[in-house]
Number of protein chains: 2
Amino acid sequence: MISHFADDMANRVQQLNSRLVVGLDPHWHRIPESFRAARDHDPFQVISDYFRLVIDSTSAYAVAFKPQIAFFEMFGPDGLRALQELISHLKARDQRIIMDGKRNDIGSTAKAYAHAFFDSPDADAPYSSDAVTLNAYLGSDSIQPFLESPRHGIFALVKTSNPSSGDFQDLRLESGITLADKVAQMVQRWTEVSVGSSGYGNVGAVVGATYPDHMKRLRTLMPQCWILVPGYGAQGGSDEAIKAAFQAGTGALINSSRAICFPSPSDDGLEAAISKAAKSSRDHINEIAFS
Amino acid sequence: MISHFADDMANRVQQLNSRLVVGLDPHWHRIPESFRAARDHDPFQVISDYFRLVIDSTSAYAVAFKPQIAFFEMFGPDGLRALQELISHLKARDQRIIMDGKRNDIGSTAKAYAHAFFDSPDADAPYSSDAVTLNAYLGSDSIQPFLESPRHGIFALVKTSNPSSGDFQDLRLESGITLADKVAQMVQRWTEVSVGSSGYGNVGAVVGATYPDHMKRLRTLMPQCWILVPGYGAQGGSDEAIKAAFQAGTGALINSSRAICFPSPSDDGLEAAISKAAKSSRDHINEIAFS
């Protein structure tokens, strides 16, 4: 039983010697046609079978898994039943789940989202996760409902990896800092009340690997925050940004989705190719973390 | 068949003489216990039956319906099957659907969300809607995948109705305006390419009814945008803010959820109480719109 999200992550990073998060994004057309055809193109069967295979092939190398809920949602209730299957499978393997939904709302609606993803003393969540990604544009009271138990963590969007992320995030405020800096300061403040023995609290940040200079600055603004780093691999994130996310080899979780889940075809078969991609990503990240 | 979201809304406002959006928020404990017990507390049955009743009792007074997806999501795949039932029911009654999900993501993930909510020439969406709410913090490229067809609209969060909305939205930029103002300027720019004969484009804004001064300023920054206004009724939004959202009696959609879906018990029965609440909200909003 996990009692503190951030401390648990720190322990796992040490024990497993991994900083790799495997992203589970069911891109339908990237799943081999033969695999889909063998299951009559049934979304539930294809997605749950394929990603069970991904989980089994990468479990030894991942510190956590990050399902992207959009790719399940688009298949309707059957897609979300597949997500439930994969959650059960991950839990049976004692894996951690960071649900990437970027949810954001207020009052009772924020509470409803929290109930969808976090187990409570009253009820199990339908999509039970250890942490979720959130968009903080609505302010503190939109974040609080997710911080009721130290067992759960959140990652607030600070600086995203996409080309247009600067439209708002890079705006300079009257005080001289950027909006992303201001969000980072708030994230650091939110995390301070839950800092555990690892030195990290349960409010983390999402900072893309595609902007190394931003990563350096934002890391110093959030010394007690885990940073979840998307954009490594397929999106062209840089080793420099990844290096800047770490503090003494810890404090950052590097996500890779496509490069691991959908590797180039290999003579050794699908499982071996996925497993190899995960191992090599883990090793490469470990090298950068201590470089 | 709708060919242009904003023009269709303008036509409906005229034809139906309504500016009321009925919010569908399945707060489990607000649904009468006797109603739940009669359906063995089965989430799918309770939610789909109760909100079918709400739709049937309010259809004459609503210009659109706004399901809040969080309250369906929290019940797992069964909750989302109930949402699909209600969508079918709304479409059979020629009603418009604004899906309140505040989704936000980038690249292929933004496209996956668009496929979840908007029908395309290739495929019907599992949660087929006419418009969606979005959070714009990730910038232009997170919005574009939702603007592929003029048949669909979006509402970007500009100024939300909650107490902490000022944490980021009210921050003053170096240029002297607030962040919410800047988002409003971008929303106006995004809508300009799709302005139809009504004078409105397909990119609208969410501005809460709880901040009248902000509403006045934001309305002038977005003359060609529909404004979706939450916070009326239960959240204590002001008539002054609602008045400021309208331009010559149009251009604003006022949402009410709890006050209509869960009225005080009345001797006339549930349907009559819901119907009366919707009629009186519609009439009150119409009065303000032309005051």
# chains A, B, ... in the order shown; residues from 1 in each chain; ligands from 1
>>> interface_residues(of="chain B", to="chain A", cutoff="6 Å", atoms="only C-alpha atoms", output="compact mmCIF listing (two decimals) with N, CA and C atoms, in the first residue's frame")
# COMPACT_ATOMS: atom_id res chain seq x y z
N ALA B 70 -17.75 15.12 -16.77
CA ALA B 70 -17.15 14.61 -15.51
C ALA B 70 -18.15 13.77 -14.72
N PHE B 71 -19.42 14.21 -14.70
CA PHE B 71 -20.42 13.52 -13.89
C PHE B 71 -20.87 12.20 -14.52
N MET B 74 -17.37 9.70 -14.02
CA MET B 74 -17.11 9.16 -12.69
C MET B 74 -17.84 7.85 -12.43
N GLY B 76 -17.80 5.41 -14.63
CA GLY B 76 -17.18 4.39 -15.47
C GLY B 76 -17.89 4.27 -16.81
N PRO B 77 -17.58 3.21 -17.56
CA PRO B 77 -18.17 3.04 -18.89
C PRO B 77 -19.71 3.08 -18.88
N ALA B 112 -7.47 13.05 -31.34
CA ALA B 112 -8.24 11.96 -30.74
C ALA B 112 -9.45 12.50 -29.98
N TYR B 113 -9.25 13.60 -29.22
CA TYR B 113 -10.39 14.22 -28.53
C TYR B 113 -11.42 14.74 -29.54
N HIS B 115 -12.09 13.54 -32.39
CA HIS B 115 -12.83 12.38 -32.90
C HIS B 115 -13.82 11.83 -31.87
N ALA B 116 -13.53 12.05 -30.59
CA ALA B 116 -14.46 11.57 -29.56
C ALA B 116 -15.77 12.37 -29.58
N PRO B 126 -18.28 8.86 -30.91
CA PRO B 126 -19.03 8.13 -29.87
C PRO B 126 -19.86 9.07 -28.99
N LEU B 138 -2.62 25.55 -23.85
CA LEU B 138 -1.58 24.94 -24.69
C LEU B 138 -1.37 25.67 -26.01
N GLY B 139 -2.23 26.66 -26.31
CA GLY B 139 -2.01 27.50 -27.49
C GLY B 139 -2.73 27.05 -28.74
N SER B 140 -2.52 27.82 -29.81
CA SER B 140 -3.27 27.67 -31.08
C SER B 140 -3.30 26.25 -31.61
N ASP B 141 -2.16 25.56 -31.60
CA ASP B 141 -2.17 24.25 -32.26
C ASP B 141 -2.97 23.21 -31.48
N SER B 164 -11.05 31.11 -7.27
CA SER B 164 -9.61 31.20 -7.58
C SER B 164 -9.33 31.53 -9.04
N SER B 165 -10.33 31.87 -9.81
CA SER B 165 -10.07 32.04 -11.25
C SER B 165 -9.04 33.13 -11.51
N ASP B 167 -6.23 33.57 -9.96
CA ASP B 167 -4.84 33.14 -9.69
C ASP B 167 -3.96 33.34 -10.93
N ARG B 172 -1.56 40.41 -14.58
CA ARG B 172 -1.34 41.48 -15.55
C ARG B 172 -0.07 41.20 -16.34
N LEU B 173 -0.18 41.33 -17.65
CA LEU B 173 0.96 41.10 -18.53
C LEU B 173 1.78 42.37 -18.67
N GLU B 174 2.98 42.19 -19.13
CA GLU B 174 3.87 43.31 -19.42
C GLU B 174 3.17 44.35 -20.30
>>> select_by_dssp(residues="stretch 35-253 of chain B", states="strand (DSSP E or B)", output="ChimeraX atom specification")
/B:64-68,97-103,131-134,153-159,172-173,178,203-207,227-229,247,250,252-253
>>> write_last_selection(atoms="N, CA and C atoms", output="mmCIF file, in the first residue's frame")
data_model
loop_
_atom_site.group_PDB
_atom_site.id
_atom_site.type_symbol
_atom_site.label_atom_id
_atom_site.label_comp_id
_atom_site.auth_asym_id
_atom_site.auth_seq_id
_atom_site.Cartn_x
_atom_site.Cartn_y
_atom_site.Cartn_z
ATOM 1 N N ALA B 64 -30.055 25.003 -26.188
ATOM 2 C CA ALA B 64 -29.055 23.931 -26.269
ATOM 3 C C ALA B 64 -28.963 23.237 -24.910
ATOM 4 N N PHE B 65 -28.321 22.072 -24.913
ATOM 5 C CA PHE B 65 -28.073 21.341 -23.673
ATOM 6 C C PHE B 65 -26.565 21.174 -23.501
ATOM 7 N N LYS B 66 -26.138 21.222 -22.251
ATOM 8 C CA LYS B 66 -24.696 21.121 -21.978
ATOM 9 C C LYS B 66 -24.430 20.002 -20.958
ATOM 10 N N PRO B 67 -24.155 18.783 -21.447
ATOM 11 C CA PRO B 67 -23.770 17.737 -20.490
ATOM 12 C C PRO B 67 -22.371 18.027 -19.935
ATOM 13 N N GLN B 68 -22.216 17.844 -18.642
ATOM 14 C CA GLN B 68 -20.898 17.972 -18.013
ATOM 15 C C GLN B 68 -20.330 16.558 -17.928
ATOM 16 N N ILE B 97 -26.082 20.183 -28.788
ATOM 17 C CA ILE B 97 -25.315 19.650 -27.661
ATOM 18 C C ILE B 97 -23.967 20.351 -27.555
ATOM 19 N N ILE B 98 -23.752 20.992 -26.419
ATOM 20 C CA ILE B 98 -22.446 21.588 -26.115
ATOM 21 C C ILE B 98 -21.813 20.703 -25.045
ATOM 22 N N MET B 99 -20.780 19.943 -25.423
ATOM 23 C CA MET B 99 -20.185 19.002 -24.468
ATOM 24 C C MET B 99 -19.161 19.737 -23.604
ATOM 25 N N ASP B 100 -19.412 19.729 -22.300
ATOM 26 C CA ASP B 100 -18.519 20.451 -21.391
ATOM 27 C C ASP B 100 -17.481 19.489 -20.849
ATOM 28 N N GLY B 101 -16.307 19.477 -21.490
ATOM 29 C CA GLY B 101 -15.249 18.566 -21.072
ATOM 30 C C GLY B 101 -13.941 19.298 -20.802
ATOM 31 N N LYS B 102 -13.855 20.548 -21.283
ATOM 32 C CA LYS B 102 -12.643 21.360 -21.057
ATOM 33 C C LYS B 102 -11.382 20.585 -21.439
ATOM 34 N N ARG B 103 -11.477 19.820 -22.537
ATOM 35 C CA ARG B 103 -10.345 19.017 -22.982
ATOM 36 C C ARG B 103 -9.240 19.935 -23.484
ATOM 37 N N ALA B 131 -20.763 21.246 -30.253
ATOM 38 C CA ALA B 131 -19.672 22.101 -29.785
ATOM 39 C C ALA B 131 -19.073 21.489 -28.533
ATOM 40 N N VAL B 132 -17.864 21.917 -28.213
ATOM 41 C CA VAL B 132 -17.200 21.464 -26.984
ATOM 42 C C VAL B 132 -16.562 22.662 -26.289
ATOM 43 N N THR B 133 -16.373 22.529 -24.979
ATOM 44 C CA THR B 133 -15.549 23.512 -24.267
ATOM 45 C C THR B 133 -14.107 23.016 -24.267
ATOM 46 N N LEU B 134 -13.171 23.954 -24.376
ATOM 47 C CA LEU B 134 -11.737 23.625 -24.398
ATOM 48 C C LEU B 134 -10.978 24.577 -23.482
ATOM 49 N N GLY B 153 -18.560 23.954 -33.275
ATOM 50 C CA GLY B 153 -18.052 25.126 -32.573
ATOM 51 C C GLY B 153 -17.250 24.738 -31.345
ATOM 52 N N ILE B 154 -16.488 25.682 -30.850
ATOM 53 C CA ILE B 154 -15.799 25.461 -29.576
ATOM 54 C C ILE B 154 -15.997 26.683 -28.680
ATOM 55 N N PHE B 155 -15.879 26.474 -27.397
ATOM 56 C CA PHE B 155 -15.894 27.556 -26.416
ATOM 57 C C PHE B 155 -14.619 27.427 -25.593
ATOM 58 N N ALA B 156 -13.734 28.393 -25.716
ATOM 59 C CA ALA B 156 -12.468 28.352 -24.976
ATOM 60 C C ALA B 156 -12.651 29.057 -23.634
ATOM 61 N N LEU B 157 -12.076 28.480 -22.589
ATOM 62 C CA LEU B 157 -12.148 29.110 -21.267
ATOM 63 C C LEU B 157 -11.391 30.435 -21.309
ATOM 64 N N VAL B 158 -12.062 31.508 -20.948
ATOM 65 C CA VAL B 158 -11.403 32.810 -20.865
ATOM 66 C C VAL B 158 -11.349 33.246 -19.399
ATOM 67 N N LYS B 159 -12.525 33.416 -18.783
ATOM 68 C CA LYS B 159 -12.574 33.821 -17.366
ATOM 69 C C LYS B 159 -13.612 32.933 -16.691
ATOM 70 N N ARG B 172 -1.560 40.414 -14.582
ATOM 71 C CA ARG B 172 -1.345 41.484 -15.548
ATOM 72 C C ARG B 172 -0.067 41.202 -16.342
ATOM 73 N N LEU B 173 -0.182 41.333 -17.649
ATOM 74 C CA LEU B 173 0.963 41.096 -18.534
ATOM 75 C C LEU B 173 1.775 42.374 -18.666
ATOM 76 N N THR B 178 -4.684 41.905 -18.933
ATOM 77 C CA THR B 178 -4.607 40.666 -18.132
ATOM 78 C C THR B 178 -4.474 39.453 -19.042
ATOM 79 N N VAL B 203 -15.681 30.082 -32.970
ATOM 80 C CA VAL B 203 -14.902 30.013 -31.735
ATOM 81 C C VAL B 203 -15.528 30.965 -30.723
ATOM 82 N N GLY B 204 -16.070 30.396 -29.675
ATOM 83 C CA GLY B 204 -16.686 31.184 -28.618
ATOM 84 C C GLY B 204 -15.831 31.143 -27.361
ATOM 85 N N ALA B 205 -16.363 31.746 -26.308
ATOM 86 C CA ALA B 205 -15.619 31.866 -25.055
ATOM 87 C C ALA B 205 -16.501 31.461 -23.890
ATOM 88 N N VAL B 206 -15.870 30.972 -22.838
ATOM 89 C CA VAL B 206 -16.557 30.758 -21.565
ATOM 90 C C VAL B 206 -16.172 31.917 -20.645
ATOM 91 N N VAL B 207 -17.172 32.649 -20.174
ATOM 92 C CA VAL B 207 -16.933 33.735 -19.218
ATOM 93 C C VAL B 207 -17.990 33.605 -18.119
ATOM 94 N N ILE B 227 -20.641 33.898 -26.314
ATOM 95 C CA ILE B 227 -20.137 33.703 -24.957
ATOM 96 C C ILE B 227 -21.050 32.724 -24.227
ATOM 97 N N LEU B 228 -20.455 31.665 -23.732
ATOM 98 C CA LEU B 228 -21.172 30.682 -22.914
ATOM 99 C C LEU B 228 -20.949 31.084 -21.464
ATOM 100 N N VAL B 229 -22.059 31.308 -20.748
ATOM 101 C CA VAL B 229 -21.971 31.909 -19.417
ATOM 102 C C VAL B 229 -22.415 30.922 -18.341
ATOM 103 N N GLN B 247 -25.316 41.168 -26.955
ATOM 104 C CA GLN B 247 -25.208 42.269 -27.922
ATOM 105 C C GLN B 247 -26.533 42.292 -28.668
ATOM 106 N N THR B 250 -28.525 39.065 -28.424
ATOM 107 C CA THR B 250 -27.999 37.783 -28.906
ATOM 108 C C THR B 250 -26.518 37.638 -28.536
ATOM 109 N N ALA B 252 -25.038 35.447 -26.598
ATOM 110 C CA ALA B 252 -24.685 34.823 -25.319
ATOM 111 C C ALA B 252 -25.634 33.652 -25.035
ATOM 112 N N LEU B 253 -25.105 32.640 -24.402
ATOM 113 C CA LEU B 253 -25.855 31.440 -24.017
ATOM 114 C C LEU B 253 -25.666 31.290 -22.515
#
>>> residues_around(residues="A:Phe35", least_positions_apart="5", cutoff="12 Å", atoms="only C-alpha atoms", output="list in words")
Trp28, His29, Arg30, Asp40, His41, Asp42, Pro43, Gln45, Val46, Ile47, Ser48, Asp49, Tyr50, Phe51, Leu53 and Leu270 of chain A
>>> write_last_selection(atoms="C-alpha atoms", output="mmCIF file, in the first residue's frame")
data_model
loop_
_atom_site.group_PDB
_atom_site.id
_atom_site.type_symbol
_atom_site.label_atom_id
_atom_site.label_comp_id
_atom_site.auth_asym_id
_atom_site.auth_seq_id
_atom_site.Cartn_x
_atom_site.Cartn_y
_atom_site.Cartn_z
ATOM 1 C CA TRP A 28 -5.217 2.433 -33.926
ATOM 2 C CA HIS A 29 -3.341 2.584 -37.230
ATOM 3 C CA ARG A 30 0.031 1.996 -35.622
ATOM 4 C CA ASP A 40 -11.910 -8.805 -36.008
ATOM 5 C CA HIS A 41 -10.924 -5.150 -35.511
ATOM 6 C CA ASP A 42 -12.835 -5.107 -32.217
ATOM 7 C CA PRO A 43 -11.533 -2.028 -30.341
ATOM 8 C CA GLN A 45 -10.036 -6.758 -27.815
ATOM 9 C CA VAL A 46 -7.371 -5.148 -29.969
ATOM 10 C CA ILE A 47 -6.479 -2.404 -27.499
ATOM 11 C CA SER A 48 -6.526 -4.520 -24.362
ATOM 12 C CA ASP A 49 -4.541 -7.359 -25.966
ATOM 13 C CA TYR A 50 -1.974 -5.107 -27.629
ATOM 14 C CA PHE A 51 -1.248 -2.993 -24.593
ATOM 15 C CA LEU A 53 1.600 -7.198 -24.479
ATOM 16 C CA LEU A 270 6.995 -7.735 -31.664
#
>>> atom_distance(atom1="atom CA of A:Arg12", atom2="atom CA of A:Ala248")
15.2 Å
>>> residues_around(residues="stretch 54-62 of chain A", least_positions_apart="2", cutoff="8 Å", atoms="only C-alpha atoms", output="VMD selection string")
chain A and resid 16 18 to 22 50 to 52 64 to 65 90 95 261 271 to 272 274 to 275 278 to 279 282
>>> write_last_selection(atoms="N, CA, C and O atoms", output="compact mmCIF listing (two decimals), in the first residue's frame")
# COMPACT_ATOMS: atom_id res chain seq x y z
N LEU A 16 14.34 0.27 -8.88
CA LEU A 16 14.26 -0.27 -10.24
C LEU A 16 15.35 0.30 -11.13
O LEU A 16 15.54 -0.15 -12.25
N SER A 18 15.25 3.02 -12.74
CA SER A 18 14.60 3.47 -13.98
C SER A 18 13.94 4.82 -13.75
O SER A 18 13.41 5.09 -12.65
N ARG A 19 13.99 5.67 -14.75
CA ARG A 19 13.30 6.97 -14.75
C ARG A 19 12.40 7.05 -15.97
O ARG A 19 11.98 8.13 -16.38
N LEU A 20 12.11 5.89 -16.54
CA LEU A 20 11.32 5.80 -17.77
C LEU A 20 9.84 5.58 -17.47
O LEU A 20 9.49 4.65 -16.73
N VAL A 21 8.99 6.43 -18.04
CA VAL A 21 7.55 6.21 -18.01
C VAL A 21 7.14 5.74 -19.40
O VAL A 21 7.48 6.39 -20.40
N VAL A 22 6.44 4.62 -19.45
CA VAL A 22 5.97 4.12 -20.76
C VAL A 22 4.56 4.66 -21.00
O VAL A 22 3.63 4.39 -20.24
N TYR A 50 -3.24 -5.70 -27.18
CA TYR A 50 -1.97 -5.11 -27.63
C TYR A 50 -1.23 -4.46 -26.47
O TYR A 50 -0.02 -4.64 -26.29
N PHE A 51 -1.96 -3.71 -25.65
CA PHE A 51 -1.25 -2.99 -24.59
C PHE A 51 -0.93 -3.87 -23.38
O PHE A 51 -0.02 -3.57 -22.62
N ARG A 52 -1.62 -4.99 -23.23
CA ARG A 52 -1.17 -5.98 -22.24
C ARG A 52 0.20 -6.52 -22.65
O ARG A 52 1.09 -6.66 -21.82
N ALA A 64 6.85 3.73 -14.19
CA ALA A 64 5.41 3.98 -14.18
C ALA A 64 4.90 3.89 -15.62
O ALA A 64 5.70 3.90 -16.57
N PHE A 65 3.57 3.81 -15.75
CA PHE A 65 2.92 3.82 -17.06
C PHE A 65 1.97 5.01 -17.13
O PHE A 65 1.37 5.38 -16.13
N LEU A 90 -2.04 -3.65 -14.80
CA LEU A 90 -0.91 -2.90 -14.22
C LEU A 90 -0.87 -3.08 -12.71
O LEU A 90 0.19 -3.27 -12.11
N GLN A 95 2.45 -2.08 -10.68
CA GLN A 95 2.95 -0.92 -11.43
C GLN A 95 2.21 0.34 -11.01
O GLN A 95 1.10 0.27 -10.49
N CYS A 261 6.01 1.69 -27.86
CA CYS A 261 4.83 0.87 -28.16
C CYS A 261 4.77 0.40 -29.61
O CYS A 261 4.15 -0.62 -29.91
N GLU A 271 7.18 -8.59 -29.37
CA GLU A 271 7.52 -8.47 -27.94
C GLU A 271 8.98 -8.09 -27.75
O GLU A 271 9.31 -7.22 -26.95
N ALA A 272 9.84 -8.78 -28.49
CA ALA A 272 11.28 -8.53 -28.32
C ALA A 272 11.63 -7.11 -28.75
O ALA A 272 12.44 -6.44 -28.10
N ILE A 274 9.65 -4.45 -28.69
CA ILE A 274 9.13 -3.51 -27.70
C ILE A 274 10.03 -3.53 -26.45
O ILE A 274 10.40 -2.48 -25.91
N SER A 275 10.37 -4.72 -26.03
CA SER A 275 11.21 -4.87 -24.85
C SER A 275 12.56 -4.19 -25.04
O SER A 275 13.05 -3.46 -24.17
N ALA A 278 12.28 -0.41 -24.88
CA ALA A 278 12.12 0.08 -23.50
C ALA A 278 13.46 0.03 -22.76
O ALA A 278 13.85 0.99 -22.08
N LYS A 279 14.17 -1.07 -22.91
CA LYS A 279 15.46 -1.20 -22.23
C LYS A 279 16.43 -0.12 -22.70
O LYS A 279 17.11 0.52 -21.90
N ARG A 282 15.41 3.26 -21.28
CA ARG A 282 15.75 3.34 -19.86
C ARG A 282 17.24 3.59 -19.68
O ARG A 282 17.65 4.47 -18.91
>>> closest_residue(among="A:Lys276, A:Arg219, A:Lys243, A:Arg93", to="A:Ile260", atoms="only C-alpha atoms")
A:Lys276
>>> closest_residue(among="B:Gly199, B:Pro230, B:Ala241, B:Phe290", to="B:Asp213", atoms="only C-alpha atoms")
B:Ala241
